[in-house]
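So this one's entry.tsv, TSV, C-alpha atoms:
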```tsv
chain	number	residue	atom	x	y	z
A	1	MET	CA	0.00	0.00	0.00
A	2	TYR	CA	2.70	2.52	1.01
A	3	GLN	CA	4.73	1.66	-2.08
A	4	GLU	CA	1.68	2.45	-4.22
A	5	ILE	CA	1.18	5.76	-2.40
A	6	ILE	CA	4.79	6.82	-2.98
A	7	ALA	CA	4.69	5.64	-6.62
A	8	ASN	CA	1.52	7.66	-7.20
A	9	ILE	CA	3.13	10.76	-5.67
A	10	PHE	CA	6.18	10.51	-7.94
A	11	SER	CA	4.02	9.89	-11.00
A	12	ASN	CA	2.33	13.27	-10.41
A	13	LYS	CA	5.29	15.50	-9.55
A	14	THR	CA	3.61	18.77	-10.60
A	15	ARG	CA	0.61	18.11	-8.38
A	16	PHE	CA	2.93	17.12	-5.53
A	17	ILE	CA	4.98	20.33	-5.82
A	18	LEU	CA	1.89	22.55	-6.03
A	19	SER	CA	0.41	20.79	-3.01
A	20	SER	CA	3.64	21.23	-1.05
A	21	ILE	CA	4.14	24.97	-1.63
A	22	GLY	CA	1.29	26.16	0.59
A	23	ILE	CA	2.20	23.83	3.47
A	24	GLY	CA	5.92	24.60	3.23
A	25	TRP	CA	5.28	28.34	3.23
A	26	GLY	CA	2.95	28.08	6.21
A	27	VAL	CA	5.49	26.10	8.25
A	28	LEU	CA	8.29	28.50	7.27
A	29	ILE	CA	6.25	31.50	8.46
A	30	LEU	CA	5.36	29.69	11.70
A	31	VAL	CA	8.99	28.77	12.44
A	32	VAL	CA	10.32	32.27	11.71
A	33	LEU	CA	7.61	34.02	13.74
A	34	ILE	CA	8.04	31.76	16.76
A	35	GLY	CA	11.84	31.92	16.52
A	36	VAL	CA	12.03	35.72	16.31
A	37	GLY	CA	9.45	36.00	19.09
A	38	LYS	CA	11.61	33.74	21.27
A	39	GLY	CA	14.66	35.90	20.54
A	40	LEU	CA	12.77	39.03	21.56
A	41	GLU	CA	11.51	37.34	24.73
A	42	ASP	CA	15.02	36.24	25.71
A	43	GLY	CA	16.36	39.74	24.99
A	44	ILE	CA	13.75	41.43	27.18
A	45	PHE	CA	14.21	39.01	30.08
A	46	ASN	CA	17.97	39.48	29.92
A	47	LEU	CA	17.32	43.04	31.13
A	48	PHE	CA	16.07	41.64	34.41
A	49	LYS	CA	19.30	39.73	34.98
A	50	GLY	CA	20.80	42.99	36.22
A	51	PHE	CA	18.43	42.92	39.22
A	52	ALA	CA	17.63	40.42	41.93
A	53	VAL	CA	14.17	39.05	41.11
A	54	ASN	CA	13.08	39.49	44.73
A	55	SER	CA	13.96	43.19	44.85
A	56	ILE	CA	11.69	46.22	45.24
A	57	TYR	CA	12.40	49.89	44.61
A	58	VAL	CA	10.25	52.36	46.56
A	59	LEU	CA	9.82	56.00	45.59
A	60	ALA	CA	8.46	58.29	48.30
A	61	SER	CA	5.86	60.79	47.09
A	62	ARG	CA	3.14	62.99	48.62
A	63	THR	CA	0.10	61.94	50.60
A	64	THR	CA	-3.23	62.28	48.83
A	65	ARG	CA	-5.59	61.92	51.82
A	66	PRO	CA	-6.04	64.00	55.00
A	67	TYR	CA	-5.39	61.92	58.12
A	68	GLN	CA	-5.75	62.65	61.84
A	69	GLY	CA	-5.66	66.40	61.32
A	70	ASN	CA	-2.81	66.30	58.79
A	71	PRO	CA	-3.75	67.69	55.38
A	72	ALA	CA	-3.15	65.90	52.10
A	73	GLY	CA	-0.03	66.83	50.14
A	74	GLN	CA	2.52	65.99	52.85
A	75	GLN	CA	5.90	65.23	51.24
A	76	ILE	CA	7.37	61.92	52.45
A	77	MET	CA	11.14	61.44	52.57
A	78	PHE	CA	13.08	58.47	53.92
A	79	SER	CA	15.77	58.61	56.60
A	80	GLU	CA	18.36	56.17	57.91
A	81	ASP	CA	16.14	55.54	60.94
A	82	ASP	CA	13.37	54.39	58.58
A	83	ILE	CA	15.71	51.80	57.09
A	84	TYR	CA	16.61	50.31	60.45
A	85	MET	CA	12.97	50.44	61.61
A	86	LEU	CA	11.73	48.62	58.53
A	87	LYS	CA	14.43	45.96	58.63
A	88	ASN	CA	13.89	45.29	62.36
A	89	ASN	CA	10.08	45.14	62.14
A	90	ILE	CA	9.50	43.36	58.83
A	91	PRO	CA	11.36	40.03	58.98
A	92	SER	CA	10.84	39.28	55.29
A	93	ILE	CA	13.10	42.21	54.32
A	94	MET	CA	16.53	40.68	53.72
A	95	ALA	CA	18.74	43.54	52.52
A	96	ILE	CA	17.92	47.24	52.30
A	97	SER	CA	19.67	50.37	51.08
A	98	PRO	CA	19.03	54.04	50.40
A	99	GLU	CA	19.56	55.48	46.95
A	100	ALA	CA	20.44	59.14	47.49
A	101	SER	CA	21.41	61.11	44.41
A	102	VAL	CA	22.99	64.51	43.70
A	103	ARG	CA	24.44	66.04	40.56
A	104	GLN	CA	28.02	67.23	40.99
A	105	LYS	CA	30.92	68.60	39.01
A	106	VAL	CA	33.50	65.84	38.54
A	107	SER	CA	37.06	66.53	37.41
A	108	ALA	CA	40.41	64.81	36.82
A	109	ASN	CA	43.36	65.29	34.47
A	110	ASN	CA	42.29	68.86	33.57
A	111	LEU	CA	38.87	67.62	32.43
A	112	SER	CA	35.51	68.24	34.10
A	113	ALA	CA	31.85	67.32	33.58
A	114	ASP	CA	28.63	66.99	35.55
A	115	TYR	CA	27.62	63.51	36.67
A	116	GLU	CA	25.02	61.92	38.91
A	117	VAL	CA	26.59	60.73	42.16
A	118	LYS	CA	24.66	58.18	44.23
A	119	GLY	CA	25.10	57.25	47.85
A	120	VAL	CA	24.23	53.64	48.72
A	121	PHE	CA	24.87	50.90	51.28
A	122	SER	CA	26.98	47.93	50.22
A	123	GLU	CA	23.75	45.89	50.35
A	124	TYR	CA	22.55	47.86	47.33
A	125	PHE	CA	24.63	45.57	45.13
A	126	GLU	CA	22.59	42.59	46.28
A	127	MET	CA	19.64	44.20	44.45
A	128	LYS	CA	21.36	45.74	41.45
A	129	LEU	CA	23.69	43.02	40.23
A	130	LEU	CA	26.53	45.00	38.69
A	131	ASN	CA	29.70	43.38	37.38
A	132	THR	CA	32.98	45.25	37.20
A	133	SER	CA	35.41	45.32	34.30
A	134	SER	CA	38.16	46.13	36.81
A	135	GLY	CA	38.37	46.50	40.58
A	136	ARG	CA	35.41	45.89	42.88
A	137	THR	CA	32.08	47.26	44.02
A	138	LEU	CA	31.61	49.05	47.37
A	139	ASN	CA	31.75	46.93	50.52
A	140	ARG	CA	30.64	47.10	54.16
A	141	LEU	CA	33.98	48.49	55.42
A	142	ASP	CA	33.74	51.38	52.96
A	143	GLU	CA	30.46	52.32	54.65
A	144	ILE	CA	31.52	51.79	58.27
A	145	GLU	CA	34.90	53.53	57.95
A	146	GLU	CA	33.49	56.27	55.69
A	147	ARG	CA	36.17	55.70	53.10
A	148	PRO	CA	36.35	58.32	50.29
A	149	VAL	CA	36.02	55.74	47.51
A	150	VAL	CA	33.87	55.55	44.37
A	151	LEU	CA	32.65	52.98	41.86
A	152	VAL	CA	32.33	54.56	38.41
A	153	GLY	CA	30.61	53.73	35.13
A	154	SER	CA	32.52	53.04	31.92
A	155	ASN	CA	31.68	56.44	30.42
A	156	VAL	CA	33.14	58.20	33.48
A	157	ALA	CA	36.30	56.07	33.26
A	158	GLU	CA	36.77	56.79	29.55
A	159	MET	CA	36.07	60.50	30.04
A	160	PHE	CA	38.78	61.12	32.64
A	161	PHE	CA	41.27	58.29	32.20
A	162	ASP	CA	40.98	57.49	28.48
A	163	ARG	CA	42.60	54.10	27.89
A	164	SER	CA	44.57	53.92	31.15
A	165	GLU	CA	43.43	51.76	34.06
A	166	PRO	CA	41.11	53.90	36.31
A	167	GLU	CA	41.40	51.67	39.38
A	168	GLY	CA	43.64	53.29	42.00
A	169	LYS	CA	43.40	56.76	40.46
A	170	HIS	CA	41.54	59.77	41.91
A	171	LEU	CA	38.52	61.85	40.97
A	172	THR	CA	37.60	65.25	42.39
A	173	ILE	CA	33.87	65.43	43.10
A	174	GLY	CA	32.76	68.85	44.28
A	175	ASN	CA	35.59	69.91	46.58
A	176	ASN	CA	36.71	66.45	47.68
A	177	VAL	CA	39.02	63.81	46.24
A	178	TYR	CA	37.94	60.17	45.95
A	179	LEU	CA	39.77	56.96	45.11
A	180	VAL	CA	38.37	54.88	42.23
A	181	VAL	CA	38.04	51.26	43.42
A	182	GLY	CA	36.20	49.79	40.44
A	183	VAL	CA	34.65	50.33	37.00
A	184	ILE	CA	31.19	49.00	36.12
A	185	LYS	CA	31.26	46.63	33.17
A	186	ASN	CA	29.25	48.16	30.34
A	187	THR	CA	26.66	45.95	28.66
A	188	LEU	CA	23.28	46.49	27.06
A	189	LEU	CA	21.75	45.20	30.29
A	190	ASN	CA	23.19	48.04	32.36
A	191	ASN	CA	23.85	50.69	29.74
A	192	SER	CA	22.25	53.31	31.99
A	193	GLU	CA	25.03	52.72	34.54
A	194	ALA	CA	27.74	54.01	32.20
A	195	ARG	CA	27.42	57.58	33.54
A	196	GLN	CA	26.85	56.70	37.21
A	197	ILE	CA	29.15	57.22	40.17
A	198	TYR	CA	28.53	55.35	43.43
A	199	MET	CA	30.01	56.11	46.85
A	200	PRO	CA	29.26	54.89	50.40
A	201	TYR	CA	26.08	56.46	51.74
A	202	SER	CA	27.85	57.54	54.95
A	203	VAL	CA	30.31	59.59	52.90
A	204	HIS	CA	27.67	60.83	50.48
A	205	SER	CA	25.28	62.10	53.17
A	206	THR	CA	28.04	63.82	55.18
A	207	THR	CA	29.69	65.44	52.16
A	208	PHE	CA	26.66	66.78	50.32
A	209	GLY	CA	24.65	67.82	53.40
A	210	TYR	CA	21.01	67.00	52.65
A	211	ASP	CA	20.05	66.12	56.26
A	212	ARG	CA	20.27	62.41	55.48
A	213	LYS	CA	16.88	62.46	53.75
A	214	PHE	CA	16.33	60.68	50.46
A	215	PRO	CA	13.35	59.78	48.23
A	216	ILE	CA	14.30	56.25	47.09
A	217	LEU	CA	15.18	53.04	48.87
A	218	ALA	CA	15.54	49.49	47.64
A	219	PHE	CA	15.28	46.16	49.40
A	220	THR	CA	15.16	42.43	48.78
A	221	TYR	CA	12.68	40.12	50.46
A	222	SER	CA	12.46	36.43	51.25
A	223	GLU	CA	11.03	34.07	48.63
A	224	LYS	CA	8.11	33.10	50.88
A	225	ALA	CA	6.94	36.69	51.33
A	226	ASP	CA	3.85	37.93	49.51
A	227	PHE	CA	4.48	41.21	47.68
A	228	ASN	CA	1.03	42.67	48.41
A	229	VAL	CA	1.23	41.86	52.14
A	230	LEU	CA	4.76	43.23	52.31
A	231	ARG	CA	3.71	46.45	50.58
A	232	GLN	CA	0.81	46.98	53.02
A	233	ARG	CA	3.00	46.37	56.08
A	234	PHE	CA	5.52	48.86	54.68
A	235	ARG	CA	2.78	51.51	54.38
A	236	GLU	CA	1.50	50.76	57.90
A	237	PHE	CA	4.88	51.26	59.58
A	238	MET	CA	5.65	54.40	57.60
A	239	GLY	CA	2.09	55.71	58.11
A	240	ARG	CA	2.38	55.36	61.90
A	241	LYS	CA	5.70	57.20	61.94
A	242	TYR	CA	4.78	60.06	59.60
A	243	HIS	CA	1.08	60.22	60.49
A	244	PHE	CA	-0.57	59.56	57.15
A	245	ASP	CA	-3.25	57.10	56.05
A	246	PRO	CA	-1.59	53.66	55.61
A	247	ASN	CA	-4.15	52.90	52.87
A	248	ASP	CA	-3.00	55.90	50.82
A	249	ASP	CA	-1.65	53.99	47.81
A	250	ARG	CA	-0.08	57.10	46.27
A	251	ALA	CA	2.19	57.98	49.17
A	252	PHE	CA	4.72	55.48	47.79
A	253	TYR	CA	5.32	53.97	44.38
A	254	PHE	CA	6.57	50.38	44.44
A	255	SER	CA	8.48	48.84	41.56
A	256	SER	CA	8.78	45.08	42.06
A	257	VAL	CA	11.10	43.23	39.70
A	258	GLU	CA	9.14	40.02	40.34
A	259	GLU	CA	5.85	41.71	39.41
A	260	GLN	CA	7.44	43.14	36.26
A	261	VAL	CA	8.71	39.69	35.31
A	262	LYS	CA	5.19	38.29	35.80
A	263	ALA	CA	3.73	41.08	33.65
A	264	PHE	CA	6.20	40.38	30.84
A	265	ASN	CA	5.55	36.65	31.13
A	266	SER	CA	1.86	37.34	30.63
A	267	LEU	CA	2.63	39.65	27.71
A	268	PHE	CA	4.83	37.10	25.96
A	269	ASP	CA	2.32	34.30	26.56
A	270	THR	CA	-0.26	36.44	24.75
A	271	MET	CA	2.23	37.27	22.00
A	272	LYS	CA	3.14	33.60	21.50
A	273	THR	CA	-0.54	32.71	21.24
A	274	PHE	CA	-0.98	35.44	18.63
A	275	LEU	CA	2.10	34.29	16.65
A	276	TRP	CA	0.88	30.68	16.71
A	277	PHE	CA	-2.51	31.91	15.49
A	278	ILE	CA	-0.91	33.75	12.56
A	279	GLY	CA	1.31	30.79	11.70
A	280	ILE	CA	-1.50	28.23	11.96
A	281	SER	CA	-3.80	30.49	9.91
A	282	THR	CA	-1.18	30.59	7.16
A	283	LEU	CA	-0.73	26.85	7.46
A	284	ALA	CA	-4.51	26.36	7.27
A	285	GLY	CA	-4.50	28.07	3.88
A	286	GLY	CA	-1.96	25.52	2.70
A	287	VAL	CA	-4.02	22.64	4.11
A	288	ILE	CA	-7.11	23.86	2.23
A	289	GLY	CA	-5.03	23.98	-0.93
A	290	VAL	CA	-3.79	20.42	-0.42
A	291	ALA	CA	-7.34	19.23	0.34
A	292	ASN	CA	-8.69	20.80	-2.87
A	293	ILE	CA	-5.90	19.37	-4.99
A	294	MET	CA	-6.34	15.93	-3.43
A	295	TYR	CA	-10.10	16.14	-3.96
A	296	ALA	CA	-9.56	17.03	-7.63
A	297	SER	CA	-7.13	14.10	-7.84
A	298	ALA	CA	-9.74	11.76	-6.35
A	299	LYS	CA	-12.29	12.86	-8.97
A	300	GLU	CA	-9.75	12.29	-11.74
A	301	ARG	CA	-9.05	8.82	-10.39
A	302	THR	CA	-12.71	7.77	-10.17
A	303	TYR	CA	-12.22	4.98	-12.75
A	304	GLU	CA	-9.12	3.69	-10.90
A	305	ILE	CA	-11.09	3.66	-7.63
A	306	GLY	CA	-13.90	1.70	-9.37
A	307	ILE	CA	-11.44	-0.95	-10.56
A	308	ARG	CA	-9.91	-1.25	-7.09
A	309	LYS	CA	-13.32	-1.74	-5.54
A	310	ALA	CA	-14.38	-4.19	-8.26
A	311	VAL	CA	-11.40	-6.44	-7.51
A	312	GLY	CA	-12.12	-6.40	-3.77
A	313	ALA	CA	-10.36	-3.38	-2.30
A	314	ARG	CA	-11.83	-2.52	1.07
A	315	LYS	CA	-13.08	0.94	1.97
A	316	SER	CA	-10.37	1.25	4.65
A	317	GLU	CA	-7.68	0.64	2.00
A	318	ILE	CA	-9.13	3.28	-0.32
A	319	ARG	CA	-9.37	5.71	2.59
A	320	LEU	CA	-5.80	4.98	3.72
A	321	MET	CA	-4.49	5.51	0.19
A	322	PHE	CA	-5.70	9.12	0.00
A	323	ILE	CA	-5.00	10.02	3.63
A	324	GLY	CA	-1.53	8.45	3.39
A	325	GLU	CA	-0.73	10.41	0.23
A	326	SER	CA	-1.91	13.61	1.91
A	327	VAL	CA	0.08	12.97	5.11
A	328	ILE	CA	3.29	12.19	3.18
A	329	THR	CA	2.88	15.29	1.02
A	330	THR	CA	2.15	17.49	4.02
A	331	PHE	CA	4.95	16.05	6.12
A	332	PHE	CA	7.54	16.38	3.35
A	333	ALA	CA	6.51	19.96	2.60
A	334	GLY	CA	6.52	20.78	6.32
A	335	VAL	CA	10.02	19.38	6.85
A	336	VAL	CA	11.32	21.43	3.92
A	337	GLY	CA	9.55	24.53	5.25
A	338	MET	CA	10.96	23.88	8.73
A	339	ALA	CA	14.48	23.47	7.36
A	340	LEU	CA	14.20	26.73	5.40
A	341	GLY	CA	12.78	28.44	8.51
A	342	PHE	CA	15.75	27.29	10.59
A	343	ALA	CA	18.11	28.52	7.87
A	344	ILE	CA	16.45	31.96	7.88
A	345	LEU	CA	16.70	32.13	11.69
A	346	LYS	CA	20.40	31.26	11.48
A	347	LEU	CA	20.86	34.00	8.87
A	348	ILE	CA	19.04	36.51	11.07
A	349	GLY	CA	21.23	35.45	13.99
A	350	ILE	CA	24.38	36.33	12.05
A	351	PHE	CA	23.33	39.99	11.91
A	352	ILE	CA	22.23	40.20	15.56
A	353	ASN	CA	24.58	41.43	18.26
A	354	PRO	CA	22.86	40.81	21.65
A	355	THR	CA	25.16	43.39	23.31
A	356	GLU	CA	23.78	46.16	21.09
A	357	MET	CA	20.07	45.36	20.80
A	358	LEU	CA	17.18	43.94	22.79
A	359	LEU	CA	17.11	40.74	20.76
A	360	GLU	CA	18.86	37.46	21.33
A	361	LYS	CA	19.74	35.16	18.47
A	362	PRO	CA	16.41	33.59	17.42
A	363	GLY	CA	15.86	29.87	17.57
A	364	ILE	CA	13.29	27.11	18.06
A	365	ASN	CA	13.37	24.64	20.93
A	366	TRP	CA	12.69	20.93	20.60
A	367	VAL	CA	9.25	21.20	22.19
A	368	THR	CA	8.14	23.67	19.52
A	369	SER	CA	9.66	21.48	16.81
A	370	ALA	CA	7.80	18.43	18.12
A	371	MET	CA	4.55	20.41	18.26
A	372	THR	CA	5.10	21.49	14.65
A	373	VAL	CA	5.64	17.88	13.52
A	374	VAL	CA	2.45	16.75	15.30
A	375	LEU	CA	0.61	19.67	13.72
A	376	LEU	CA	1.87	18.63	10.29
A	377	MET	CA	0.59	15.08	10.75
A	378	LEU	CA	-2.79	16.41	11.87
A	379	CYS	CA	-2.92	18.78	8.89
A	380	GLY	CA	-2.09	15.96	6.51
A	381	THR	CA	-4.88	13.84	7.95
A	382	LEU	CA	-7.39	16.68	7.68
A	383	ALA	CA	-6.30	17.52	4.13
A	384	GLY	CA	-6.81	13.92	3.00
A	385	LEU	CA	-10.10	13.44	4.81
A	386	LYS	CA	-12.38	15.06	2.23
A	387	PRO	CA	-10.98	13.17	-0.82
A	388	ALA	CA	-10.85	9.94	1.22
A	389	ILE	CA	-14.55	10.22	2.12
A	390	TYR	CA	-15.40	10.99	-1.51
A	391	ALA	CA	-13.43	8.00	-2.77
A	392	THR	CA	-14.86	5.68	-0.09
A	393	ASN	CA	-18.45	6.56	-0.94
A	394	LEU	CA	-18.07	5.95	-4.70
A	395	HIS	CA	-20.09	3.00	-6.06
A	396	PRO	CA	-17.92	0.68	-8.18
A	397	ILE	CA	-20.39	0.57	-11.14
A	398	ASP	CA	-20.74	4.37	-11.21
A	399	SER	CA	-16.96	4.69	-11.03
A	400	LEU	CA	-16.39	2.37	-13.99
A	401	ARG	CA	-19.04	4.20	-16.07
A	402	SER	CA	-17.13	7.48	-15.56
A	403	GLN	CA	-14.54	6.30	-18.10
A	404	ASN	CA	-17.11	6.37	-20.90
```
Let's see the structure in the file written out as structure tokens.
Amino acid sequence: MYQEIIANIFSNKTRFILSSIGIGWGVLILVVLIGVGKGLEDGIFNLFKGFAVNSIYVLASRTTRPYQGNPAGQQIMFSEDDIYMLKNNIPSIMAISPEASVRQKVSANNLSADYEVKGVFSEYFEMKLLNTSSGRTLNRLDEIEERPVVLVGSNVAEMFFDRSEPEGKHLTIGNNVYLVVGVIKNTLLNNSEARQIYMPYSVHSTTFGYDRKFPILAFTYSEKADFNVLRQRFREFMGRKYHFDPNDDRAFYFSSVEEQVKAFNSLFDTMKTFLWFIGISTLAGGVIGVANIMYASAKERTYEIGIRKAVGARKSEIRLMFIGESVITTFFAGVVGMALGFAILKLIGIFINPTEMLLEKPGINWVTSAMTVVLLMLCGTLAGLKPAIYATNLHPIDSLRSQN
């Protein structure tokens, strides 16, 4: 039976090629869409690798509700005492740090420019996962001993030290001199850090005199903690201290890396569903084309079907002949389309530099490939179903008369 199916396919090469084009094109489109979508997804999620997933950034704002005699519009600012209070009273907070920022004139080697200078605890680097191209990040002793040291971005290093090694050299920030202990490694993931300068918060707050008040803090929390519960407890403690409504959800703005990851996961799940819909819709057009061509073939072979039935061919054999031919045609076309799709993805990957764009090299995993193969087999069966039913229902005498 299978030998007859293959022989019949090769005896009608033009019909086979025309049947294959639609299926091959549909599979190619599906593979390319899913592959590029996967590359975009990987590129976006790489951005989050620069942050601990269980980290939260909190921006203090103004109250929007009157509370216990205090009017709305009260400006909230954090202090060091708040940090210790929160860490001591909310066990799920693991590491916490201020993020105080001032803009200062920075100079070295007869060059000067304005840069943002941030004061942070050493724990800050447990939330923002920065790598250094040379030297180190800030540590606990820098904070305790109030060492005049700085960690600088790559743009700062290139600006003042050109191609020489910045580590161990000095920068003048404002009216004070600081030792460079490390340079942040520049990648697409932390490109915004290229113009940053970090110093111990103890030095930062003493030097720039802003009463140790700051609008941003960051912390990590235990894996078992619930973000919504943690956020409410945070508001309650701060509300009691600063006398504002703990249910005022605009007094603080919370940016949770975990929640952002969940949001992007949901987005990409929707996008993948949409891409599969487009690919399957294109593939469906090819299946309809194969079904029509196979149906036309069945009508042309009415006399042959009559002879087969007259000599005792069973209905199941007739049905298998057309469905088998359709499955083989569909599968072959799909494999060719898949191979071309992989080749296109490889070609696209040659021109992609993940360090310069939010796109990883596209590709298809084995699960997707297996799903595509199963889909091809299903499509082949569906495409051959209509002509198989037609051929099965033909009466042998009527089929033999069609030759006249």
Practice prompt. For stretch 144-153 of chain A, please output as a PyMOL selection string all residues within 7 Å (counting all atoms listed in the file; exclusion window: fewer than 5 positions along the same chain).
Written response: chain A and resi 137-138+178-184+193-200+202-203
Discussion item. I need the residue nearest A:Phe78 from this list: A:Asn54, A:Ser20, A:Ser97, A:Ser192. Use only C-alpha atoms for the distance.
Written reply: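 Between A:Asn54, A:Ser20, A:Ser97, A:Ser192, the residue approaching A:Phe78 most closely is A:Ser97.
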Fill in: Shell around A:Ala108 at 9 Å using all atoms listed in the file, local window under 2 positions removed, as a ChimeraX atom specification
/A:106,110-112,160-161,170-172
Selection to disk with C-alpha atoms, as a compact mmCIF listing (two decimals), in the frame of the given file:
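Here's the written file part14.txt:
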```txt
# COMPACT_ATOMS: atom_id res chain seq x y z
CA VAL A 106 33.50 65.84 38.54
CA ASN A 110 42.29 68.86 33.57
CA LEU A 111 38.87 67.62 32.43
CA SER A 112 35.51 68.24 34.10
CA PHE A 160 38.78 61.12 32.64
CA PHE A 161 41.27 58.29 32.20
CA HIS A 170 41.54 59.77 41.91
CA LEU A 171 38.52 61.85 40.97
CA THR A 172 37.60 65.25 42.39
```
Worksheet entry | Best match for closeness to A:Val373 among A:Met159, A:Lys272, A:Val27, A:Tyr253, counting all atoms listed in the file |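 Smallest separation from A:Val373 among the options: A:Val27.
Atom CA of A:Pro362 lies 14.4 Å from atom CA of A:Ala339.
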Practice prompt. Give the answer as one residue: which of A:Met238, A:Ile21, A:Leu59, A:Met338 has the shortest atom-to-atom distance to A:Thr368, using all atoms listed in the file?
Written response: A:Met338
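The two atoms in question, atom CA of A:Arg140 and atom CA of A:Ser122, are spaced 5.4 Å apart.
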If we count only C-alpha atoms, what is near A:Phe342 at a cut-off of 12 Å, once residues fewer than 4 positions away on the same chain are taken out, given as a CSV table (one decimal) with C-alpha atoms, in the coordinates of the input?
```
chain,number,residue,atom,x,y,z
A,27,VAL,CA,5.5,26.1,8.2
A,28,LEU,CA,8.3,28.5,7.3
A,29,ILE,CA,6.2,31.5,8.5
A,30,LEU,CA,5.4,29.7,11.7
A,31,VAL,CA,9.0,28.8,12.4
A,32,VAL,CA,10.3,32.3,11.7
A,33,LEU,CA,7.6,34.0,13.7
A,34,ILE,CA,8.0,31.8,16.8
A,35,GLY,CA,11.8,31.9,16.5
A,36,VAL,CA,12.0,35.7,16.3
A,335,VAL,CA,10.0,19.4,6.8
A,336,VAL,CA,11.3,21.4,3.9
A,337,GLY,CA,9.6,24.5,5.2
A,338,MET,CA,11.0,23.9,8.7
A,346,LYS,CA,20.4,31.3,11.5
A,347,LEU,CA,20.9,34.0,8.9
A,348,ILE,CA,19.0,36.5,11.1
A,349,GLY,CA,21.2,35.4,14.0
A,361,LYS,CA,19.7,35.2,18.5
A,362,PRO,CA,16.4,33.6,17.4
A,363,GLY,CA,15.9,29.9,17.6
A,364,ILE,CA,13.3,27.1,18.1
A,365,ASN,CA,13.4,24.6,20.9
A,369,SER,CA,9.7,21.5,16.8
```
Worksheet item: What is the atom CA of A:Glu360 to atom CA of A:Gly43 distance in Å?
Response: 5.0 Å
Fill in: Among the residues A:Ile23, A:Asn175, A:Gly37, A:Asp81, the one that comes closest to A:Leu275 [using all atoms listed in the file]
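Under the stated criterion, the closest residue is A:Gly37.
Using all atoms listed in the file, the contacts of A:Lys185 at a cut-off of 6 Å, with sequence neighbours closer than 3 positions omitted, comprise Asn131, Thr132 and Ser133 of chain A.
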